[in-house]
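Below: upload-v5.pdb (PDB, C-alpha atoms)
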```
ATOM      1  CA  MET A   1      95.922 -18.720 -59.964  1.00  0.00           C
ATOM      2  CA  ALA A   2      98.168 -21.664 -59.264  1.00  0.00           C
ATOM      3  CA  PHE A   3      99.991 -22.307 -56.018  1.00  0.00           C
ATOM      4  CA  LYS A   4     103.444 -20.736 -56.246  1.00  0.00           C
ATOM      5  CA  GLY A   5     105.024 -22.122 -53.111  1.00  0.00           C
ATOM      6  CA  LEU A   6     105.041 -21.122 -49.455  1.00  0.00           C
ATOM      7  CA  THR A   7     107.616 -20.362 -46.809  1.00  0.00           C
ATOM      8  CA  VAL A   8     106.251 -21.748 -43.540  1.00  0.00           C
ATOM      9  CA  ASP A   9     105.865 -19.000 -40.917  1.00  0.00           C
ATOM     10  CA  GLU A  10     104.684 -19.991 -37.429  1.00  0.00           C
ATOM     11  CA  ASN A  11     103.771 -16.353 -36.766  1.00  0.00           C
ATOM     12  CA  ASN A  12     101.265 -16.250 -39.640  1.00  0.00           C
ATOM     13  CA  THR A  13      98.678 -18.882 -38.703  1.00  0.00           C
ATOM     14  CA  TYR A  14      95.082 -19.260 -37.531  1.00  0.00           C
ATOM     15  CA  GLY A  15      94.377 -20.602 -34.049  1.00  0.00           C
ATOM     16  CA  LYS A  16      97.489 -19.306 -32.312  1.00  0.00           C
ATOM     17  CA  ARG A  17      97.935 -21.081 -28.982  1.00  0.00           C
ATOM     18  CA  VAL A  18      98.851 -19.701 -25.600  1.00  0.00           C
ATOM     19  CA  GLU A  19     101.600 -22.069 -24.483  1.00  0.00           C
ATOM     20  CA  GLU A  20     102.431 -20.745 -21.005  1.00  0.00           C
ATOM     21  CA  ALA A  21     100.555 -20.102 -17.805  1.00  0.00           C
ATOM     22  CA  GLY A  22     100.672 -16.547 -16.448  1.00  0.00           C
ATOM     23  CA  SER A  23      98.588 -13.377 -16.525  1.00  0.00           C
ATOM     24  CA  TYR A  24      97.212 -12.012 -19.783  1.00  0.00           C
ATOM     25  CA  ASN A  25      95.424  -8.895 -20.922  1.00  0.00           C
ATOM     26  CA  VAL A  26      92.444 -10.183 -22.888  1.00  0.00           C
ATOM     27  CA  ARG A  27      89.240  -9.216 -24.592  1.00  0.00           C
ATOM     28  CA  VAL A  28      86.098 -11.287 -24.128  1.00  0.00           C
ATOM     29  CA  LEU A  29      85.137 -12.860 -27.448  1.00  0.00           C
ATOM     30  CA  PRO A  30      81.630 -12.745 -28.955  1.00  0.00           C
ATOM     31  CA  THR A  31      81.554 -16.571 -28.804  1.00  0.00           C
ATOM     32  CA  SER A  32      80.994 -16.265 -25.035  1.00  0.00           C
ATOM     33  CA  VAL A  33      77.542 -17.401 -23.866  1.00  0.00           C
ATOM     34  CA  SER A  34      75.234 -17.807 -20.908  1.00  0.00           C
ATOM     35  CA  LYS A  35      73.786 -21.285 -20.519  1.00  0.00           C
ATOM     36  CA  THR A  36      72.749 -23.970 -18.063  1.00  0.00           C
ATOM     37  CA  SER A  37      75.409 -26.213 -16.513  1.00  0.00           C
ATOM     38  CA  SER A  38      75.187 -30.011 -16.428  1.00  0.00           C
ATOM     39  CA  THR A  39      73.928 -29.668 -12.839  1.00  0.00           C
ATOM     40  CA  GLY A  40      71.099 -27.317 -13.884  1.00  0.00           C
ATOM     41  CA  LYS A  41      72.703 -24.093 -12.639  1.00  0.00           C
ATOM     42  CA  GLU A  42      72.996 -20.881 -14.665  1.00  0.00           C
ATOM     43  CA  MET A  43      76.523 -20.148 -15.878  1.00  0.00           C
ATOM     44  CA  LEU A  44      78.710 -18.108 -18.186  1.00  0.00           C
ATOM     45  CA  THR A  45      81.197 -19.672 -20.573  1.00  0.00           C
ATOM     46  CA  LEU A  46      83.697 -16.980 -21.525  1.00  0.00           C
ATOM     47  CA  ASN A  47      86.278 -17.182 -24.304  1.00  0.00           C
ATOM     48  CA  TYR A  48      89.183 -14.749 -24.483  1.00  0.00           C
ATOM     49  CA  GLU A  49      91.747 -13.457 -26.958  1.00  0.00           C
ATOM     50  CA  VAL A  50      95.137 -12.232 -25.712  1.00  0.00           C
ATOM     51  CA  LEU A  51      95.684  -8.557 -26.571  1.00  0.00           C
ATOM     52  CA  ASP A  52      99.447  -8.104 -26.263  1.00  0.00           C
ATOM     53  CA  GLY A  53     102.820  -9.762 -25.842  1.00  0.00           C
ATOM     54  CA  LYS A  54     104.191 -12.848 -27.530  1.00  0.00           C
ATOM     55  CA  TYR A  55     100.833 -14.652 -27.436  1.00  0.00           C
ATOM     56  CA  ALA A  56      98.784 -11.755 -28.877  1.00  0.00           C
ATOM     57  CA  GLY A  57      95.909 -13.244 -30.855  1.00  0.00           C
ATOM     58  CA  GLY A  58      96.019 -16.543 -28.967  1.00  0.00           C
ATOM     59  CA  GLN A  59      92.815 -17.774 -27.368  1.00  0.00           C
ATOM     60  CA  ILE A  60      92.004 -19.005 -23.878  1.00  0.00           C
ATOM     61  CA  ARG A  61      88.641 -20.730 -23.921  1.00  0.00           C
ATOM     62  CA  PHE A  62      85.937 -22.202 -21.718  1.00  0.00           C
ATOM     63  CA  ASP A  63      86.140 -20.115 -18.548  1.00  0.00           C
ATOM     64  CA  ASN A  64      83.010 -21.514 -16.871  1.00  0.00           C
ATOM     65  CA  ILE A  65      81.590 -19.310 -14.125  1.00  0.00           C
ATOM     66  CA  VAL A  66      78.643 -20.917 -12.343  1.00  0.00           C
ATOM     67  CA  TRP A  67      75.930 -19.121 -10.366  1.00  0.00           C
ATOM     68  CA  ASP A  68      75.157 -21.305  -7.323  1.00  0.00           C
ATOM     69  CA  ASP A  69      72.497 -20.161  -4.866  1.00  0.00           C
ATOM     70  CA  THR A  70      71.715 -23.537  -3.278  1.00  0.00           C
ATOM     71  CA  THR A  71      72.826 -22.244   0.156  1.00  0.00           C
ATOM     72  CA  PRO A  72      73.270 -18.708   1.516  1.00  0.00           C
ATOM     73  CA  GLU A  73      77.052 -19.271   1.654  1.00  0.00           C
ATOM     74  CA  LYS A  74      77.227 -20.418  -1.983  1.00  0.00           C
ATOM     75  CA  GLU A  75      75.031 -17.526  -3.081  1.00  0.00           C
ATOM     76  CA  GLU A  76      77.312 -15.015  -1.310  1.00  0.00           C
ATOM     77  CA  SER A  77      80.326 -16.640  -2.971  1.00  0.00           C
ATOM     78  CA  SER A  78      78.598 -16.393  -6.378  1.00  0.00           C
ATOM     79  CA  ILE A  79      77.810 -12.707  -5.813  1.00  0.00           C
ATOM     80  CA  LYS A  80      81.473 -12.000  -5.017  1.00  0.00           C
ATOM     81  CA  ARG A  81      82.713 -14.067  -7.983  1.00  0.00           C
ATOM     82  CA  PHE A  82      80.436 -12.279 -10.486  1.00  0.00           C
ATOM     83  CA  ASN A  83      81.133  -8.851  -8.926  1.00  0.00           C
ATOM     84  CA  THR A  84      84.881  -9.524  -9.257  1.00  0.00           C
ATOM     85  CA  LEU A  85      84.379 -10.341 -12.944  1.00  0.00           C
ATOM     86  CA  MET A  86      82.329  -7.195 -13.633  1.00  0.00           C
ATOM     87  CA  VAL A  87      84.705  -4.877 -11.732  1.00  0.00           C
ATOM     88  CA  ALA A  88      87.687  -6.384 -13.609  1.00  0.00           C
ATOM     89  CA  ALA A  89      85.917  -5.578 -16.892  1.00  0.00           C
ATOM     90  CA  GLY A  90      85.330  -1.970 -15.806  1.00  0.00           C
ATOM     91  CA  VAL A  91      81.561  -2.067 -15.351  1.00  0.00           C
ATOM     92  CA  PRO A  92      80.666   1.043 -13.305  1.00  0.00           C
ATOM     93  CA  ASN A  93      79.866   0.648  -9.619  1.00  0.00           C
ATOM     94  CA  GLY A  94      76.097   0.607  -9.014  1.00  0.00           C
ATOM     95  CA  SER A  95      75.228  -0.842 -12.450  1.00  0.00           C
ATOM     96  CA  ASN A  96      72.191  -3.133 -12.325  1.00  0.00           C
ATOM     97  CA  ILE A  97      72.484  -6.317 -14.370  1.00  0.00           C
ATOM     98  CA  ALA A  98      69.179  -8.174 -14.533  1.00  0.00           C
ATOM     99  CA  SER A  99      70.288 -11.414 -16.226  1.00  0.00           C
ATOM    100  CA  LEU A 100      73.300 -13.421 -17.285  1.00  0.00           C
ATOM    101  CA  GLU A 101      72.323 -12.709 -20.906  1.00  0.00           C
ATOM    102  CA  MET A 102      72.709  -8.989 -20.132  1.00  0.00           C
ATOM    103  CA  MET A 103      76.028  -9.712 -18.466  1.00  0.00           C
ATOM    104  CA  VAL A 104      77.359 -11.544 -21.556  1.00  0.00           C
ATOM    105  CA  LYS A 105      76.227  -8.675 -23.779  1.00  0.00           C
ATOM    106  CA  ALA A 106      78.080  -6.162 -21.590  1.00  0.00           C
ATOM    107  CA  LEU A 107      81.212  -8.357 -21.464  1.00  0.00           C
ATOM    108  CA  THR A 108      81.339  -8.892 -25.225  1.00  0.00           C
ATOM    109  CA  THR A 109      80.712  -5.279 -26.231  1.00  0.00           C
ATOM    110  CA  LYS A 110      81.470  -2.206 -24.129  1.00  0.00           C
ATOM    111  CA  TYR A 111      83.223  -3.806 -21.138  1.00  0.00           C
ATOM    112  CA  ASN A 112      85.219  -6.513 -22.847  1.00  0.00           C
ATOM    113  CA  THR A 113      88.819  -6.111 -21.644  1.00  0.00           C
ATOM    114  CA  MET A 114      90.453  -7.344 -18.450  1.00  0.00           C
ATOM    115  CA  ASN A 115      93.426  -9.322 -17.168  1.00  0.00           C
ATOM    116  CA  ILE A 116      93.129 -13.014 -16.334  1.00  0.00           C
ATOM    117  CA  SER A 117      95.542 -15.329 -14.528  1.00  0.00           C
ATOM    118  CA  VAL A 118      95.720 -18.864 -15.879  1.00  0.00           C
ATOM    119  CA  GLU A 119      97.287 -22.134 -14.728  1.00  0.00           C
ATOM    120  CA  TRP A 120      97.438 -25.594 -16.271  1.00  0.00           C
ATOM    121  CA  ASP A 121      94.576 -27.873 -15.248  1.00  0.00           C
ATOM    122  CA  GLY A 122      94.225 -31.553 -15.981  1.00  0.00           C
ATOM    123  CA  PRO A 123      94.663 -34.038 -17.294  1.00  0.00           C
ATOM    124  CA  ASN A 124      91.106 -34.392 -18.567  1.00  0.00           C
ATOM    125  CA  ASP A 125      89.530 -37.740 -19.518  1.00  0.00           C
ATOM    126  CA  LYS A 126      91.476 -37.680 -22.814  1.00  0.00           C
ATOM    127  CA  GLY A 127      94.789 -36.954 -21.083  1.00  0.00           C
ATOM    128  CA  TYR A 128      95.012 -33.290 -22.141  1.00  0.00           C
ATOM    129  CA  TYR A 129      95.916 -30.298 -20.002  1.00  0.00           C
ATOM    130  CA  ASN A 130      94.148 -26.964 -20.556  1.00  0.00           C
ATOM    131  CA  LEU A 131      94.644 -23.443 -19.270  1.00  0.00           C
ATOM    132  CA  SER A 132      92.200 -22.716 -16.464  1.00  0.00           C
ATOM    133  CA  VAL A 133      91.318 -19.170 -15.401  1.00  0.00           C
ATOM    134  CA  GLN A 134      92.124 -18.615 -11.714  1.00  0.00           C
ATOM    135  CA  ASN A 135      91.110 -14.970 -11.332  1.00  0.00           C
ATOM    136  CA  HIS A 136      89.960 -11.816 -13.108  1.00  0.00           C
ATOM    137  CA  LYS A 137      91.555  -8.382 -12.603  1.00  0.00           C
ATOM    138  CA  PRO A 138      91.503  -5.018 -14.382  1.00  0.00           C
ATOM    139  CA  LYS A 139      93.682  -4.777 -17.480  1.00  0.00           C
ATOM    140  CA  ASP A 140      97.386  -4.597 -16.560  1.00  0.00           C
ATOM    141  CA  PRO A 141      99.040  -1.436 -17.963  1.00  0.00           C
ATOM    142  CA  ASP A 142     102.372  -3.304 -17.984  1.00  0.00           C
ATOM    143  CA  GLY A 143     101.004  -5.929 -20.381  1.00  0.00           C
ATOM    144  CA  SER A 144     100.660  -9.693 -20.408  1.00  0.00           C
ATOM    145  CA  LYS A 145     103.155 -11.744 -18.379  1.00  0.00           C
ATOM    146  CA  PRO A 146     103.682 -15.405 -19.321  1.00  0.00           C
ATOM    147  CA  ASN A 147     105.379 -17.180 -16.406  1.00  0.00           C
ATOM    148  CA  GLY A 148     107.406 -19.861 -18.196  1.00  0.00           C
ATOM    149  CA  VAL A 149     105.247 -22.799 -17.057  1.00  0.00           C
ATOM    150  CA  PHE A 150     104.463 -24.827 -20.179  1.00  0.00           C
ATOM    151  CA  GLN A 151     101.798 -27.481 -20.678  1.00  0.00           C
ATOM    152  CA  PRO A 152     102.595 -30.616 -18.645  1.00  0.00           C
ATOM    153  CA  THR A 153     103.220 -33.885 -20.448  1.00  0.00           C
ATOM    154  CA  ASN A 154     103.383 -37.467 -19.238  1.00  0.00           C
ATOM    155  CA  ASP A 155     107.175 -37.117 -19.032  1.00  0.00           C
ATOM    156  CA  ASN A 156     107.105 -33.664 -17.415  1.00  0.00           C
ATOM    157  CA  SER A 157     104.235 -33.403 -14.956  1.00  0.00           C
ATOM    158  CA  ASN A 158     105.368 -30.089 -13.467  1.00  0.00           C
ATOM    159  CA  GLY A 159     105.119 -28.362 -16.851  1.00  0.00           C
ATOM    160  CA  THR A 160     108.269 -26.277 -16.470  1.00  0.00           C
ATOM    161  CA  GLY A 161     110.231 -27.768 -19.365  1.00  0.00           C
ATOM    162  CA  LYS A 162     110.547 -26.386 -22.856  1.00  0.00           C
ATOM    163  CA  LEU A 163     110.996 -27.695 -26.347  1.00  0.00           C
ATOM    164  CA  GLY A 164     114.557 -27.012 -27.272  1.00  0.00           C
ATOM    165  CA  PRO A 165     116.256 -27.045 -30.670  1.00  0.00           C
ATOM    166  CA  ASN A 166     115.155 -29.743 -33.107  1.00  0.00           C
ATOM    167  CA  GLY A 167     112.123 -30.760 -31.026  1.00  0.00           C
ATOM    168  CA  VAL A 168     114.118 -31.962 -28.006  1.00  0.00           C
ATOM    169  CA  PHE A 169     112.306 -31.486 -24.696  1.00  0.00           C
ATOM    170  CA  VAL A 170     114.514 -29.993 -21.962  1.00  0.00           C
ATOM    171  CA  ASP A 171     113.594 -30.297 -18.284  1.00  0.00           C
ATOM    172  CA  PRO A 172     115.301 -27.353 -16.546  1.00  0.00           C
ATOM    173  CA  ALA A 173     115.312 -29.167 -13.198  1.00  0.00           C
ATOM    174  CA  THR A 174     117.544 -31.965 -14.471  1.00  0.00           C
ATOM    175  CA  HIS A 175     118.767 -30.507 -17.766  1.00  0.00           C
ATOM    176  CA  SER A 176     117.846 -33.875 -19.247  1.00  0.00           C
ATOM    177  CA  GLN A 177     116.470 -34.183 -22.742  1.00  0.00           C
ATOM    178  CA  ASP A 178     113.691 -36.378 -24.066  1.00  0.00           C
ATOM    179  CA  ASN A 179     113.690 -36.797 -27.822  1.00  0.00           C
ATOM    180  CA  PHE A 180     110.124 -36.673 -29.074  1.00  0.00           C
ATOM    181  CA  GLY A 181     111.309 -37.349 -32.608  1.00  0.00           C
ATOM    182  CA  ALA A 182     113.484 -35.411 -34.964  1.00  0.00           C
ATOM    183  CA  ASP A 183     111.866 -32.489 -36.711  1.00  0.00           C
ATOM    184  CA  PRO A 184     111.755 -33.375 -40.422  1.00  0.00           C
ATOM    185  CA  PHE A 185     111.334 -29.680 -41.247  1.00  0.00           C
ATOM    186  CA  ALA A 186     114.284 -28.413 -39.190  1.00  0.00           C
ATOM    187  CA  GLY A 187     116.768 -26.183 -40.950  1.00  0.00           C
ATOM    188  CA  ALA A 188     116.093 -22.648 -42.032  1.00  0.00           C
ATOM    189  CA  GLY A 189     115.490 -22.293 -45.736  1.00  0.00           C
ATOM    190  CA  GLN A 190     115.274 -26.049 -46.291  1.00  0.00           C
ATOM    191  CA  VAL A 191     113.498 -26.914 -49.553  1.00  0.00           C
ATOM    192  CA  ILE A 192     110.997 -29.750 -49.147  1.00  0.00           C
ATOM    193  CA  SER A 193     109.830 -31.764 -52.137  1.00  0.00           C
ATOM    194  CA  ASP A 194     106.834 -34.101 -52.365  1.00  0.00           C
ATOM    195  CA  ASP A 195     109.201 -37.059 -51.938  1.00  0.00           C
ATOM    196  CA  ASP A 196     110.264 -35.765 -48.497  1.00  0.00           C
ATOM    197  CA  LEU A 197     106.731 -35.606 -47.074  1.00  0.00           C
ATOM    198  CA  PRO A 198     105.447 -38.463 -44.897  1.00  0.00           C
ATOM    199  CA  PHE A 199     101.935 -38.256 -46.378  1.00  0.00           C
TER     200      PHE A 199
END
```

What would the structure in this file look like if it were written as structure tokens?
Amino acid sequence: MAFKGLTVDENNTYGKRVEEAGSYNVRVLPTSVSKTSSTGKEMLTLNYEVLDGKYAGGQIRFDNIVWDDTTPEKEESSIKRFNTLMVAAGVPNGSNIASLEMMVKALTTKYNTMNISVEWDGPNDKGYYNLSVQNHKPKDPDGSKPNGVFQPTNDNSNGTGKLGPNGVFVDPATHSQDNFGADPFAGAGQVISDDDLPF
């Protein structure tokens, strides 16, 4: 069959992004793993998918949870951190988990839903900001709650601004606008021919 045209729909895409910090009901994805950190410590790397709300289907990735038993204080902190994770996922009190591999299996199968709170972290060495998991709680019966804090940019380090109409960035603190370039695809129902495309 030949291509018969397409109406672009931002709600019908792969790789939906979570664009705000906040708290989200999630499921732990099967891509989560146990591995060794760059410092030689055992760790979990958990990936999540948002279950509800406007970012349902969006992913939050690379929640690294490190087991550190180099001192008694660090070991006690690790025990509390991993217990908090397992209780948030609904693992029954008194369950014995013998390895991080077992923990990943439990978190990606039977006990795979919880609520996580995320904030923007960065910039990394490439200048990007990513959502970083701050805590794990049981699933929220009231649903996910984005908090309106968007990804920071070089021009908006507090991350509270939003893209307004036609790709104009609006900083609510000053109500100023930064034009990041006109949107060549703006206009509902606009027909785009090959001659209009920049590539």

Can you translate the PyMOL selection byres ((chain A and resi 81) around 12) into the concrete residues it hits in this file, as an MDAnalysis selection string? chainID A and resid 43:44 64:68 74:80 82:88 134:137

Just so the selection is clear, what residues does the PyMOL selection byres ((chain A and resi 96-112) around 12) cover here, as a VMD selection string? chain A and resid 25 to 36 41 to 51 65 to 67 79 82 to 83 85 to 95 113 to 115 138 to 139

Across A:Asp9, A:Gly40, A:Gly57, A:Asp52, the smallest distance to Asp69 in chain A, with all atoms listed in the file counted, is shown by A:Gly40

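Take CA of Ser37 in chain A and CA of Ala21 in chain A: the distance between them is 25.9 Å.
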
Rounded to one decimal in Å, what is the spacing between CA of Gly58 in chain A and CA of Tyr128 in chain A?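 Separation between CA of Gly58 in chain A and CA of Tyr128 in chain A: 18.1 Å.
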
Can you list what the PyMOL selection byres ((chain A and resi 117) around 6) grabs from this structure, as a ChimeraX atom specification? /A:22-23,116,118,133-135

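Using all atoms listed in the file, the smallest distance between any of A:Val8, A:Gly127, A:Val18, A:Phe62 and Phe150 in chain A comes from A:Val18.
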
If the box runs along x, y and z of the file and leaves 3 Å on each side of range 16-22 of chain A, what are its centre and edge lengths in Å, one decimal, as JSON?
```
{"center_x": 100.0, "center_y": -19.3, "center_z": -24.4, "size_x": 10.9, "size_y": 11.5, "size_z": 21.9}
```

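In this structure, CA of Glu19 in chain A sits 20.4 Å away from CA of Asp125 in chain A.
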
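For the point (103.4, -3.6, -21.8) in file coordinates, the residues within 12 Å, using all atoms listed in the file, are Tyr24, Asn25, Leu51, Asp52, Gly53, Lys54, Ala56, Lys139, Asp140, Pro141, Asp142, Gly143, Ser144 and Lys145 of chain A.
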